[in-house]
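Shown below: input.cif, with mmCIF, C-alpha atoms.
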```cif
data_work
loop_
_atom_site.label_atom_id
_atom_site.label_comp_id
_atom_site.auth_asym_id
_atom_site.auth_seq_id
_atom_site.Cartn_x
_atom_site.Cartn_y
_atom_site.Cartn_z
CA LYS T 1 2.40 -2.11 32.88
CA PHE T 2 0.15 -4.82 31.47
CA SER T 3 -2.28 -2.62 29.53
CA TYR T 4 -3.60 -3.58 26.11
CA ASN T 5 -2.23 -0.43 24.47
CA THR T 6 1.28 -1.09 25.77
CA SER T 7 1.24 -4.53 24.17
CA ILE T 8 -0.03 -3.18 20.85
CA SER T 9 2.67 -0.50 20.85
CA ALA T 10 5.34 -3.14 21.43
CA PHE T 11 4.02 -5.12 18.46
CA MET T 12 4.04 -1.98 16.29
CA ILE T 13 7.67 -1.31 17.12
CA ALA T 14 8.70 -4.92 16.56
CA VAL T 15 6.92 -5.18 13.20
CA ASN T 16 8.39 -1.87 11.99
CA GLU T 17 11.92 -2.90 12.94
CA LEU T 18 11.57 -6.37 11.39
CA GLY T 19 10.21 -4.80 8.21
CA GLN T 20 13.11 -2.37 7.97
CA GLN T 21 15.55 -5.26 8.41
CA LYS T 22 13.65 -7.31 5.76
CA CYS T 23 13.47 -10.19 8.23
CA ARG T 24 13.09 -13.66 6.66
CA ASN T 25 13.75 -15.70 9.82
CA LYS T 26 10.82 -18.14 9.89
CA GLU T 27 11.37 -19.17 13.52
CA LEU T 28 11.25 -15.57 14.68
CA LEU T 29 8.20 -14.74 12.53
CA THR T 30 6.39 -17.87 13.71
CA ASP T 31 6.88 -16.87 17.36
CA LEU T 32 5.64 -13.36 16.55
CA VAL T 33 2.45 -14.72 14.97
CA ILE T 34 1.81 -16.86 18.07
CA LEU T 35 2.21 -13.79 20.28
CA ILE T 36 -0.14 -11.74 18.08
CA ALA T 37 -2.85 -14.43 18.05
CA PRO T 38 -4.61 -13.42 21.32
CA PHE T 39 -4.88 -9.83 20.05
CA ALA T 40 -5.74 -10.48 16.39
CA PRO T 41 -6.75 -14.14 16.03
CA HIS T 42 -8.16 -13.96 12.49
CA ILE T 43 -5.15 -12.39 10.79
CA ALA T 44 -2.88 -14.58 12.95
CA GLU T 45 -4.53 -17.71 11.53
CA GLU T 46 -3.96 -16.44 7.97
CA LEU T 47 -0.32 -15.63 8.71
CA TRP T 48 0.12 -19.04 10.37
CA GLU T 49 -1.10 -20.76 7.21
CA ALA T 50 1.06 -18.47 5.01
CA LEU T 51 4.10 -19.59 7.01
CA GLY T 52 3.27 -23.18 6.08
CA GLU T 53 2.29 -24.26 9.60
CA GLN T 54 -0.35 -26.92 10.27
CA GLY T 55 -3.41 -26.75 12.51
CA SER T 56 -4.45 -23.62 14.40
CA VAL T 57 -2.08 -21.01 15.75
CA CYS T 58 -4.16 -21.04 18.94
CA ASP T 59 -2.99 -24.60 19.62
CA ALA T 60 0.70 -23.77 19.17
CA ALA T 61 3.08 -23.85 22.14
CA TRP T 62 3.69 -20.44 23.68
CA PRO T 63 7.20 -19.14 22.87
CA LYS T 64 9.78 -19.26 25.65
CA TYR T 65 11.32 -15.99 26.79
CA ASP T 66 14.79 -15.19 28.05
CA GLU T 67 14.56 -13.63 31.50
CA GLN T 68 17.88 -11.83 31.14
CA TYR T 69 16.27 -9.32 28.76
CA LEU T 70 13.75 -8.33 31.45
CA LYS T 71 16.37 -7.32 34.00
CA GLU T 72 18.38 -4.22 34.62
CA ASN T 73 22.08 -4.41 35.44
CA GLU T 74 21.26 -4.48 39.15
CA GLY T 75 19.24 -7.64 38.61
CA ARG T 76 15.88 -6.02 39.27
CA SER T 77 13.05 -7.24 36.98
CA VAL T 78 11.36 -4.50 35.01
CA VAL T 79 8.61 -4.22 32.43
CA LEU T 80 9.59 -1.64 29.84
CA ASP T 81 7.12 0.69 28.14
CA PRO T 82 8.38 0.79 24.55
CA ALA T 83 5.57 3.10 23.46
CA LYS T 84 6.60 5.75 25.98
CA GLU T 85 10.23 5.47 24.92
CA LEU T 86 9.23 5.77 21.26
CA ARG T 87 7.15 8.90 21.93
CA GLN T 88 10.02 10.48 23.84
CA ARG T 89 12.39 9.84 20.94
CA ALA T 90 9.84 11.20 18.47
CA LYS T 91 9.29 14.36 20.52
CA ALA T 92 13.06 14.81 20.71
CA GLY T 93 13.16 14.94 16.92
CA ASP T 94 14.15 11.37 16.01
CA ALA T 95 12.84 10.95 12.43
CA GLU T 96 12.83 7.15 12.60
CA ALA T 97 10.79 7.23 15.82
CA GLN T 98 8.39 9.75 14.28
CA TYR T 99 7.92 7.49 11.28
CA SER T 100 7.43 4.43 13.50
CA LEU T 101 4.76 6.23 15.52
CA GLY T 102 2.89 7.53 12.48
CA SER T 103 3.10 4.38 10.37
CA GLY T 104 2.22 2.22 13.37
CA MET T 105 -0.96 4.22 13.92
CA VAL T 106 -1.91 3.79 10.26
CA ARG T 107 -1.29 0.04 10.28
CA ALA T 108 -3.18 -0.38 13.54
CA GLY T 109 -6.27 1.39 12.24
CA ALA T 110 -7.40 4.16 9.94
CA TRP T 111 -5.55 7.26 8.79
CA SER T 112 -5.69 9.93 11.48
CA ASN T 113 -4.53 13.48 12.12
CA LYS T 114 -2.07 12.21 14.75
CA ALA T 115 -0.56 9.72 12.35
CA GLU T 116 -0.26 12.38 9.66
CA LYS T 117 1.38 14.78 12.14
CA TRP T 118 4.18 12.35 12.99
CA LEU T 119 4.69 11.29 9.38
CA ARG T 120 4.98 14.93 8.31
CA LYS T 121 7.57 15.58 10.99
CA ALA T 122 9.64 12.65 9.76
CA ALA T 123 9.17 13.60 6.10
CA ARG T 124 10.36 17.14 6.74
CA GLN T 125 13.60 15.62 7.95
CA GLY T 126 13.92 13.70 4.69
CA HIS T 127 12.59 10.32 5.82
CA LEU T 128 11.85 8.58 2.51
CA GLU T 129 9.28 6.04 3.74
CA ALA T 130 7.38 8.77 5.60
CA LYS T 131 7.17 10.76 2.36
CA ARG T 132 6.02 7.66 0.51
CA MET T 133 3.24 6.91 3.01
CA LEU T 134 2.03 10.53 2.93
CA VAL T 135 1.98 10.58 -0.86
CA ARG T 136 0.07 7.26 -0.95
CA HIS T 137 -2.66 8.69 1.28
CA LEU T 138 -2.77 12.35 0.32
CA ASN T 139 -1.93 12.32 -3.39
CA PRO T 140 -3.07 8.92 -4.66
CA GLY T 141 -4.03 9.73 -8.23
CA LYS T 142 -5.19 12.01 -10.96
CA TRP T 143 -7.34 14.43 -9.00
CA GLY T 144 -4.40 16.65 -8.10
CA CYS T 145 -2.87 17.65 -4.79
CA TYR T 146 -3.49 21.01 -3.15
CA ASP T 147 -0.84 20.53 -0.48
CA LYS T 148 2.33 22.08 -1.92
CA LEU T 149 4.62 20.15 0.43
CA VAL T 150 3.06 16.78 -0.43
CA ALA T 151 3.20 17.72 -4.12
CA ARG T 152 6.92 18.42 -3.74
CA TRP T 153 7.46 15.07 -2.03
CA THR T 154 5.51 13.42 -4.85
CA ARG T 155 7.91 14.97 -7.35
CA ASP T 156 10.91 13.85 -5.28
CA LEU T 157 9.66 10.26 -5.19
CA ALA T 158 8.79 10.33 -8.89
CA GLU T 159 12.34 11.40 -9.73
CA LEU T 160 13.64 8.54 -7.56
CA GLY T 161 11.61 6.07 -9.63
CA ASP T 162 8.49 5.48 -7.50
CA SER T 163 5.84 4.32 -9.99
CA GLN T 164 2.80 5.54 -8.02
CA ALA T 165 4.41 8.92 -7.43
CA GLN T 166 5.19 9.16 -11.15
CA TYR T 167 1.51 8.49 -11.89
CA SER T 168 0.35 11.14 -9.44
CA HIS T 169 3.00 13.63 -10.55
CA ALA T 170 1.89 13.26 -14.17
CA PHE T 171 -1.41 14.98 -13.41
CA ALA T 172 0.34 17.94 -11.81
CA GLN T 173 1.90 18.83 -15.17
CA ARG T 174 0.40 21.68 -17.16
CA GLN T 175 1.99 20.65 -20.44
CA GLN T 176 0.67 17.59 -22.21
CA GLU T 177 4.08 16.20 -23.13
CA HIS T 178 5.24 16.38 -19.51
CA CYS T 179 2.14 14.54 -18.32
CA LEU T 180 2.72 11.78 -20.89
CA HIS T 181 6.41 11.62 -19.95
CA TRP T 182 5.62 10.71 -16.33
CA LEU T 183 2.72 8.43 -17.27
CA ARG T 184 4.99 6.45 -19.58
CA LYS T 185 7.60 6.10 -16.85
CA SER T 186 4.93 4.72 -14.52
CA VAL T 187 3.65 2.37 -17.24
CA ASP T 188 7.18 1.13 -17.90
CA GLN T 189 7.33 0.03 -14.26
CA GLY T 190 4.01 -1.79 -14.53
CA PHE T 191 1.83 0.47 -12.36
CA ALA T 192 -1.72 -0.67 -13.15
CA PRO T 193 -3.61 2.67 -12.86
CA ALA T 194 -1.07 4.29 -15.20
CA MET T 195 -1.62 1.48 -17.72
CA VAL T 196 -5.38 2.02 -17.52
CA GLU T 197 -4.96 5.77 -18.10
CA MET T 198 -2.67 5.23 -21.09
CA GLY T 199 -5.07 2.59 -22.36
CA TYR T 200 -7.84 5.20 -22.34
CA ASN T 201 -5.58 7.52 -24.34
CA TYR T 202 -4.92 4.87 -26.99
CA ALA T 203 -8.54 3.69 -27.10
CA ASN T 204 -9.92 7.20 -27.62
CA GLY T 205 -7.02 8.89 -29.45
CA ARG T 206 -6.66 11.61 -26.84
CA GLU T 207 -3.83 13.62 -25.23
CA GLY T 208 -2.09 13.86 -28.59
CA ILE T 209 -1.84 10.06 -28.94
CA ALA T 210 -3.01 8.37 -32.14
CA ALA T 211 -5.86 5.91 -31.60
CA ASP T 212 -4.59 2.34 -31.33
CA MET T 213 -7.12 -0.14 -29.99
CA GLY T 214 -4.63 -3.00 -30.06
CA ARG T 215 -2.25 -1.12 -27.79
CA ALA T 216 -5.16 -0.14 -25.52
CA VAL T 217 -6.28 -3.76 -25.14
CA GLU T 218 -2.70 -4.81 -24.38
CA LEU T 219 -2.41 -2.23 -21.58
CA PHE T 220 -5.81 -3.17 -20.13
CA HIS T 221 -4.77 -6.83 -20.12
CA ARG T 222 -1.56 -6.02 -18.24
CA ALA T 223 -3.46 -4.00 -15.66
CA ALA T 224 -6.20 -6.63 -15.30
CA ASP T 225 -3.53 -9.26 -14.64
CA GLN T 226 -2.78 -7.23 -11.49
CA GLU T 227 -6.44 -7.56 -10.41
CA ASN T 228 -7.26 -3.98 -11.42
CA ASP T 229 -11.07 -3.86 -11.48
CA GLU T 230 -11.30 -0.86 -13.79
CA ALA T 231 -9.23 -2.67 -16.41
CA ARG T 232 -11.36 -5.79 -16.02
CA CYS T 233 -14.54 -3.78 -16.58
CA LEU T 234 -13.05 -2.07 -19.63
CA LEU T 235 -12.03 -5.40 -21.15
CA GLY T 236 -15.53 -6.70 -20.48
CA MET T 237 -17.00 -3.74 -22.38
CA ILE T 238 -14.47 -4.12 -25.23
CA TYR T 239 -15.29 -7.82 -25.73
CA ALA T 240 -19.02 -7.15 -25.35
CA GLU T 241 -18.94 -4.48 -28.08
CA GLY T 242 -16.21 -6.03 -30.24
CA ARG T 243 -14.03 -2.90 -30.23
CA GLY T 244 -10.70 -3.85 -31.79
CA VAL T 245 -11.38 -7.50 -30.98
CA GLU T 246 -13.92 -10.08 -32.08
CA ALA T 247 -17.11 -9.72 -30.04
CA ASP T 248 -17.24 -12.49 -27.46
CA ALA T 249 -19.95 -12.43 -24.78
CA ALA T 250 -18.40 -15.32 -22.84
CA GLU T 251 -15.02 -13.54 -22.69
CA ALA T 252 -16.74 -10.32 -21.65
CA LEU T 253 -18.51 -12.11 -18.80
CA ARG T 254 -15.25 -13.73 -17.72
CA TRP T 255 -13.58 -10.36 -17.32
CA ILE T 256 -16.39 -8.76 -15.33
CA GLU T 257 -17.00 -11.76 -13.05
CA LYS T 258 -14.91 -10.46 -10.13
CA PRO T 259 -16.06 -6.81 -10.40
CA LEU T 260 -19.67 -8.04 -10.47
CA LYS T 261 -19.15 -9.86 -7.17
CA LYS T 262 -17.91 -6.58 -5.69
CA GLY T 263 -21.02 -4.80 -6.94
CA LEU T 264 -19.17 -2.37 -9.23
CA GLY T 265 -21.59 -0.34 -11.36
CA GLN T 266 -19.40 -0.41 -14.46
CA ALA T 267 -19.47 -4.20 -14.42
CA TRP T 268 -23.27 -4.27 -14.14
CA LEU T 269 -23.50 -1.80 -17.06
CA THR T 270 -21.42 -4.18 -19.18
CA ARG T 271 -23.59 -7.11 -18.16
CA GLY T 272 -26.61 -5.13 -19.32
CA ARG T 273 -24.98 -4.63 -22.72
CA ILE T 274 -24.45 -8.39 -23.08
CA TYR T 275 -28.02 -9.30 -22.18
#
```
Have the structure of the file written as structure tokens, please.
Amino acid sequence: KFSYNTSISAFMIAVNELGQQKCRNKELLTDLVILIAPFAPHIAEELWEALGEQGSVCDAAWPKYDEQYLKENEGRSVVLDPAKELRQRAKAGDAEAQYSLGSGMVRAGAWSNKAEKWLRKAARQGHLEAKRMLVRHLNPGKWGCYDKLVARWTRDLAELGDSQAQYSHAFAQRQQEHCLHWLRKSVDQGFAPAMVEMGYNYANGREGIAADMGRAVELFHRAADQENDEARCLLGMIYAEGRGVEADAAEALRWIEKPLKKGLGQAWLTRGRIY
């Protein structure tokens, strides 16, 4: 009744439901952060600060509970097992419960076969967020997807306007114009990897696109503004070599500063060009 896993499962359910309801109630969220603190003190401190609270969450008063919600109609106190109830609903075919189980497992740790199993069950019933999470993990970019079902869900999401799905779906196209069609849709929505890919096309005059270094630099800037490290490294190289812009070593170093701290090889290559 008082096991660690039961508590974690209750948090998973609560967070999923609050997310679906787009909860903005600060009092409720503050109490939730206090409750989470003994289990995840570091992230709780960050959330506490993000909520605008002062001091440490560990010093905050423990939230009061309403005993009426812990009693059955007969007046007998009970401790519910929300995780067990959720699993029962999921096994019975409830798509929302299946999604909650799978997404909760992913948020609590790494991607796993169990999480993928529940997400697939929900996605097969048309659960949009389950499809989106599967596509994010199993078809993230331009290397293609060998799972026909996930590829179909990627197409579905792309047609609904999902920018990452549009980016991934672009590379499933055999015809160049179709690939560019989906890439442009993703770029129009401001998806950074799509902007980097189109920037490459303009910089090198490939995929049937006329070379336009000015347009390439513009796209790289937009992607870099979203903290995209590949775009930052490319801008560093462009300013180091003076391609389409005036050569500026200081500007090149500014763009590669963050990637250098992360140890990215492309950034170190650019640094070598400067020195």
- Closest of T:Pro259, T:Gly272, T:Gly190, T:Gly93 to T:Arg124, counting only C-alpha atoms, is T:Gly93
- Note on the structure: One decimal place gives the atom CA of T:Ala122-atom CA of T:Ser100 separation as 9.3 Å
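If you look at atom CA of T:Arg222 and atom CA of T:Glu46, they are 28.3 Å away from each other.
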- Query: Counting all atoms listed in the file, which residues come within 12 Å of (1.1, -5.9, 17.1), with the point read in the file's coordinates, and could you list them as a PyMOL selection string?
  - Reply: chain T and resi 4-18+32-41+43-44+83+104-105+107-109
- Task: Might you spell out which residues the PyMOL selection byres ((chain T and resi 129) around 12) would select in the displayed file, as a count of residues only?
- Result: 30
